[in-house]
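What follows is the content of structure_9.txt, which has compact mmCIF, C-alpha atoms and all ligand atoms:
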```txt
# COMPACT_ATOMS: atom_id res chain seq x y z
CA MET A 9 -13.60 70.68 44.89
CA SER A 10 -15.37 72.02 41.84
CA LYS A 11 -18.49 70.64 40.15
CA ILE A 12 -19.16 71.07 36.46
CA ALA A 13 -22.39 70.34 34.59
CA ILE A 14 -22.37 69.51 30.89
CA VAL A 15 -25.77 70.07 29.28
CA TYR A 16 -26.21 68.84 25.72
CA HIS A 17 -28.66 67.92 23.02
CA SER A 18 -27.95 65.37 20.30
CA GLY A 19 -30.51 64.18 17.78
CA PHE A 20 -28.46 61.32 16.32
CA GLY A 21 -25.60 60.75 18.77
CA HIS A 22 -22.76 62.77 17.23
CA THR A 23 -22.89 65.70 19.63
CA GLU A 24 -23.31 63.21 22.47
CA VAL A 25 -19.90 61.72 21.62
CA GLN A 26 -18.48 65.24 21.69
CA ALA A 27 -20.16 65.87 25.07
CA LYS A 28 -18.62 62.70 26.50
CA ALA A 29 -15.19 63.87 25.35
CA VAL A 30 -15.77 67.13 27.25
CA VAL A 31 -16.60 65.05 30.35
CA SER A 32 -13.32 63.11 29.96
CA GLY A 33 -11.40 66.37 29.90
CA VAL A 34 -13.17 67.69 32.99
CA THR A 35 -12.58 64.53 35.02
CA SER A 36 -8.90 64.40 34.03
CA VAL A 37 -8.35 67.28 36.47
CA ASN A 38 -7.98 66.36 40.16
CA GLY A 39 -10.64 67.85 42.40
CA VAL A 40 -13.20 68.41 39.64
CA SER A 41 -16.30 66.32 38.98
CA ALA A 42 -18.58 66.27 35.96
CA ASP A 43 -22.29 65.54 35.60
CA LEU A 44 -23.62 65.00 32.09
CA PHE A 45 -27.23 66.00 31.43
CA GLU A 46 -29.21 65.30 28.29
CA VAL A 47 -30.99 68.63 27.84
CA ALA A 48 -34.54 67.29 28.26
CA LEU A 49 -33.61 66.22 31.80
CA VAL A 50 -32.95 69.81 32.88
CA THR A 51 -35.37 71.81 30.74
CA ASP A 52 -38.22 71.47 33.24
CA ASN A 53 -36.01 72.31 36.19
CA PRO A 54 -32.98 74.40 35.14
CA GLU A 55 -32.56 75.52 38.78
CA GLN A 56 -30.87 72.17 39.48
CA LEU A 57 -27.84 73.62 37.69
CA ASN A 58 -27.50 76.33 40.36
CA ALA A 59 -25.40 73.91 42.41
CA TYR A 60 -22.52 73.84 39.86
CA ASN A 61 -19.41 75.99 39.61
CA ALA A 62 -19.42 75.92 35.81
CA ILE A 63 -21.81 74.86 33.07
CA ILE A 64 -20.71 73.73 29.61
CA PHE A 65 -23.44 73.88 26.96
CA GLY A 66 -23.50 71.91 23.72
CA ALA A 67 -25.85 71.23 20.82
CA PRO A 68 -25.70 70.37 17.14
CA THR A 69 -26.11 73.09 14.57
CA TYR A 70 -29.44 72.67 12.81
CA MET A 71 -30.41 75.19 10.12
CA GLY A 72 -27.50 77.43 11.08
CA SER A 73 -28.33 77.74 14.76
CA LEU A 74 -28.69 75.70 17.96
CA SER A 75 -31.11 72.77 17.74
CA ALA A 76 -34.69 73.38 18.88
CA PRO A 77 -34.62 71.15 22.01
CA PHE A 78 -31.59 73.08 23.24
CA LYS A 79 -33.34 76.38 22.51
CA ALA A 80 -36.29 75.16 24.59
CA PHE A 81 -33.88 74.74 27.51
CA MET A 82 -32.49 78.24 26.91
CA ASP A 83 -35.98 79.69 27.03
CA ALA A 84 -36.85 77.67 30.15
CA SER A 85 -33.74 79.07 31.85
CA SER A 86 -35.38 82.52 31.91
CA LYS A 87 -36.69 81.45 35.32
CA VAL A 88 -33.08 81.32 36.52
CA TRP A 89 -32.16 84.48 34.60
CA PHE A 90 -34.81 86.45 36.49
CA ASN A 91 -32.88 85.93 39.74
CA GLN A 92 -29.45 85.80 38.02
CA GLY A 93 -28.94 82.37 39.58
CA TRP A 94 -25.93 81.54 37.38
CA LYS A 95 -24.17 84.89 37.79
CA ASP A 96 -20.36 84.58 37.94
CA LYS A 97 -20.31 80.88 37.11
CA LEU A 98 -17.96 79.87 34.33
CA ALA A 99 -19.49 78.91 30.97
CA ALA A 100 -18.23 77.36 27.75
CA GLY A 101 -19.80 75.61 24.79
CA PHE A 102 -19.49 73.25 21.89
CA THR A 103 -21.30 72.53 18.67
CA ASN A 104 -21.14 69.98 15.87
CA SER A 105 -22.42 70.09 12.30
CA GLY A 106 -22.38 68.18 9.04
CA SER A 107 -20.51 70.69 6.90
CA MET A 108 -17.08 72.04 7.73
CA SER A 109 -18.58 75.47 8.26
CA GLY A 110 -22.28 74.68 8.30
CA ASP A 111 -22.71 78.20 9.78
CA LYS A 112 -21.96 76.77 13.21
CA PHE A 113 -20.05 79.86 14.34
CA ASN A 114 -23.52 81.32 14.75
CA SER A 115 -24.33 78.59 17.28
CA LEU A 116 -21.33 79.49 19.42
CA VAL A 117 -22.25 83.16 19.23
CA GLN A 118 -25.75 82.18 20.40
CA LEU A 119 -24.21 80.37 23.37
CA THR A 120 -21.93 83.26 24.34
CA THR A 121 -24.89 85.64 24.23
CA PHE A 122 -26.91 83.20 26.31
CA ALA A 123 -24.10 82.97 28.88
CA ALA A 124 -23.82 86.77 28.97
CA GLN A 125 -27.56 87.09 29.63
CA HIS A 126 -26.96 84.89 32.67
CA SER A 127 -23.94 87.06 33.69
CA MET A 128 -21.67 84.05 33.35
CA LEU A 129 -17.97 84.23 32.43
CA TRP A 130 -17.10 82.67 29.09
CA VAL A 131 -14.06 80.41 28.83
CA SER A 132 -12.64 80.36 25.29
CA LEU A 133 -11.09 77.32 23.65
CA GLY A 134 -7.43 78.23 24.21
CA GLN A 135 -6.00 75.78 21.66
CA MET A 136 -4.05 76.49 18.50
CA ASN A 137 -5.04 74.88 15.20
CA GLU A 138 -2.55 72.01 14.94
CA SER A 139 -3.26 71.65 11.23
CA SER A 140 -2.01 75.16 10.51
CA SER A 141 1.50 73.71 11.03
CA PRO A 142 3.41 73.05 7.79
CA ASP A 143 3.82 69.39 8.86
CA ILE A 144 0.07 68.58 9.11
CA ALA A 145 -2.42 68.85 6.25
CA SER A 146 -4.96 71.61 6.69
CA GLY A 147 -8.06 70.28 8.41
CA HIS A 148 -6.42 66.92 9.19
CA PRO A 149 -9.02 64.83 11.10
CA GLU A 150 -6.59 63.95 13.89
CA ALA A 151 -5.49 67.53 14.46
CA VAL A 152 -6.65 69.44 17.52
CA ASN A 153 -8.80 72.42 16.56
CA ARG A 154 -8.53 71.53 12.86
CA ILE A 155 -11.52 73.80 12.18
CA GLY A 156 -9.65 76.76 13.66
CA ALA A 157 -12.29 78.10 16.05
CA TYR A 158 -11.28 79.99 19.19
CA LEU A 159 -14.62 80.98 20.71
CA SER A 160 -15.21 77.43 21.90
CA ALA A 161 -15.13 73.83 20.59
CA MET A 162 -16.36 72.90 17.13
CA ALA A 163 -16.73 69.44 15.59
CA GLN A 164 -17.75 68.28 12.13
CA SER A 165 -19.44 64.93 11.56
CA ASP A 166 -19.73 63.11 8.26
CA ASN A 167 -22.96 61.36 7.31
CA LEU A 168 -21.88 58.20 9.15
CA PRO A 169 -22.78 56.58 12.49
CA ALA A 170 -21.63 58.33 15.65
CA ASP A 171 -19.04 55.66 16.42
CA GLN A 172 -17.16 56.76 13.27
CA THR A 173 -17.52 60.52 13.29
CA PRO A 174 -16.71 63.22 14.46
CA PRO A 175 -12.99 62.42 14.06
CA SER A 176 -10.44 62.05 16.83
CA GLY A 177 -9.07 65.58 16.44
CA ASP A 178 -12.47 67.08 17.18
CA LEU A 179 -12.88 64.81 20.22
CA LYS A 180 -9.43 65.82 21.51
CA THR A 181 -10.49 69.43 21.02
CA ALA A 182 -13.62 68.81 23.11
CA GLU A 183 -11.59 67.00 25.77
CA GLN A 184 -9.16 69.89 26.05
CA LEU A 185 -12.04 72.34 26.38
CA GLY A 186 -13.34 70.32 29.35
CA LYS A 187 -9.86 70.29 30.92
CA ARG A 188 -9.47 74.04 30.45
CA VAL A 189 -12.82 74.81 32.08
CA ALA A 190 -12.01 72.43 34.96
CA GLU A 191 -8.65 74.08 35.61
CA ALA A 192 -10.20 77.54 35.35
CA SER A 193 -12.95 76.58 37.80
CA LEU A 194 -10.36 75.66 40.44
CA ARG A 195 -8.59 78.99 39.95
CA TRP A 196 -11.84 80.93 39.97
CA GLN A 197 -13.10 79.68 43.34
C1 LIG A 201 -32.79 69.53 11.02
C2 LIG A 201 -31.32 69.50 10.70
C3 LIG A 201 -30.69 70.66 10.31
C4 LIG A 201 -29.32 70.65 10.02
N1 LIG A 201 -28.71 71.83 9.69
C5 LIG A 201 -27.38 71.85 9.48
C6 LIG A 201 -26.71 73.07 9.19
O1 LIG A 201 -27.28 74.16 9.20
N2 LIG A 201 -25.39 73.02 8.93
C7 LIG A 201 -24.70 71.83 8.90
O2 LIG A 201 -23.52 71.84 8.61
N3 LIG A 201 -25.31 70.67 9.23
C8 LIG A 201 -26.62 70.65 9.53
N4 LIG A 201 -27.23 69.48 9.87
C9 LIG A 201 -26.41 68.28 10.06
C10 LIG A 201 -26.12 68.04 11.54
O3 LIG A 201 -25.55 69.19 12.14
C11 LIG A 201 -25.15 66.86 11.69
O4 LIG A 201 -25.74 65.71 11.12
C12 LIG A 201 -24.77 66.60 13.12
O5 LIG A 201 -23.73 65.65 13.17
C13 LIG A 201 -25.95 66.08 13.93
O6 LIG A 201 -25.55 65.94 15.26
P1 LIG A 201 -26.37 65.01 16.26
O7 LIG A 201 -26.18 63.60 15.79
O8 LIG A 201 -25.77 65.25 17.59
O9 LIG A 201 -27.81 65.46 16.18
C14 LIG A 201 -28.58 69.45 10.14
C15 LIG A 201 -29.24 68.28 10.52
C16 LIG A 201 -30.58 68.30 10.82
C17 LIG A 201 -31.25 67.03 11.28
```
As structure tokens, the full file:
Amino acid sequence: MSKIAIVYHSGFGHTEVQAKAVVSGVTSVNGVSADLFEVALVTDNPEQLNAYNAIIFGAPTYMGSLSAPFKAFMDASSKVWFNQGWKDKLAAGFTNSGSMSGDKFNSLVQLTTFAAQHSMLWVSLGQMNESSSPDIASGHPEAVNRIGAYLSAMAQSDNLPADQTPPSGDLKTAEQLGKRVAEASLRWQ
């Protein structure tokens, strides 16, 4: 049995939809459970995440970097860092932004650095860009990894309610990230 925590921030619900897709991917794997935490619920007590085999972090990209409530959690986790409480756990991440780029690569780099400070092991996305095939238009909204990121999962949301965006391809990408981390966590134990 493996337990995975998904910790996320979402100001307006779009990254929350992405986080729920990650949960679906995790729970599609037998023997793996997922607990979803809105970041404010763990910021005061990040030690509660010590009980998990893997932690997947996610936040929207605001002003080219992770949103401030998520950064508050990162800073609060220095209590755990001091004792290296998450050492050798698996880690992965996801981010969502309004523009196709939106400088969100920087957010994933922030997360990988954060995971490295905790001596965690980063699980990459592991999915090809389906829309690089000649049969599917570049960036097609139903294509898995249409944005073509490999460090972890990206999504792009239009300026519409969260039940309409991000598109299905980005949610499938998030789901497959959750599945990959779940499978890796069983192998890693
Ligand atoms: C304060 C703020 C800063 C933002 N900065 C960026 C940005 O740097 N790049 C971008 O593409 N979108 C940016 N956006 C748009 C959000 O990333 C986008 O609306 C996203 O879907 C919000 O996700 P959420 O609903 O989970 O908060 C910003 C939005 C806000 C509110």
Quiz prompt | Two-atom distance - atom CA of Ala123 of chain A, atom CA of Pro175 of chain A (Å) | solution = 27.7 Å
Self-check item: Contacts of ligand LIG 201 (chain A), 8 Å or closer, only C-alpha atoms and all ligand atoms, given as a PyMOL selection string
Solution: chain A and resi 17-25+67-73+75+104-112+164-167+170+174
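Residue nearest Ala182 of chain A, chosen from A:Asn58, A:Gln118, A:Gln26, A:Asn91 and counting all atoms listed in the file: A:Gln26.
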Self-check item: Protein, DNA and RNA residues within 7 Å of (-9.4, 76.5, 16.6), all atoms listed in the file, as an MDAnalysis selection string
Solution: chainID A and resid 135:137 153:158
Exercise. Using atom CA of Arg195 of chain A and atom CA of Asn61 of chain A as the two end points, give the distance in Å to one decimal.
Key: 11.2 Å
Quiz prompt | Selected residue of minimal separation from Asp52 of chain A among A:Ser10, A:Ser132, A:Ser85, A:Asn38, counting only C-alpha atoms | solution = A:Ser85
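Remark: for Leu74 of chain A, the closest of the candidate residues A:Leu168, A:Ala13, A:Val117, A:Val189 is A:Val117 (distances computed over only C-alpha atoms).
Proximity to Thr181 of chain A was assessed for A:Ser140, A:Ser86, A:Ser146, A:Thr103 counting all atoms listed in the file; the smallest distance is recorded for A:Thr103.
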Practice problem: May I ask which of the residues A:Ile12, A:Ala62, A:Leu185, A:Val131 is the closest one to Ala42 of chain A, counting all atoms listed in the file? | Solution: A:Ile12
Practice problem: For Phe102 of chain A, list every protein, DNA or RNA residue within 7 Å, evaluated using only C-alpha atoms, and leave out those in the same chain fewer than 3 positions away; present the list as a PyMOL selection string. | Solution: chain A and resi 65-67+116+160-162
Compile a residue-level contact table for segment 89-191 of chain A against segment 27-35 of chain A at a cut-off of 6 Å, reporting for every qualifying residue the shortest atom pair and its distance in Å to one decimal, with all atoms listed in the file counted, rows ordered by chain and ascending number, as a tab-separated table.
```
residue	atom	partner	partner_atom	distance
A:Leu179	CA	A:Ala29	CA	5.7
A:Ala182	CA	A:Val30	CA	5.0
A:Glu183	CA	A:Gly33	CA	4.2
A:Gln184	CA	A:Gly33	CA	5.7
A:Gly186	CA	A:Gly33	CA	4.4
A:Lys187	CA	A:Gly33	CA	4.3
A:Ala190	CA	A:Val34	CA	5.3
```
Practice problem: Please identify all polymer residues within 12 Å of Ala48 of chain A, counting all atoms listed in the file, omitting same-chain residues fewer than 5 positions from it, and present them as a ChimeraX atom specification. | Solution: /A:15-19,53-54,76-82,84
Quiz item: At what distance in Å, to one decimal, does atom CA of Leu194 of chain A lie from atom CA of Val37 of chain A?
Solution: 9.5 Å
Quiz item: Using all atoms listed in the file, which of A:Thr51, A:Ile14, A:Gly101, A:Asp178 sits nearest Ser115 of chain A?
Solution: A:Gly101
Mind working out the centre and edge lengths of an axis-aligned box for segment 14-22 of chain A, all listed atoms inside, 8 Å added to each side, rounded to one decimal in Å and written as JSON?
```
{"center_x": -26.4, "center_y": 65.4, "center_z": 23.6, "size_x": 24.1, "size_y": 25.3, "size_z": 30.6}
```
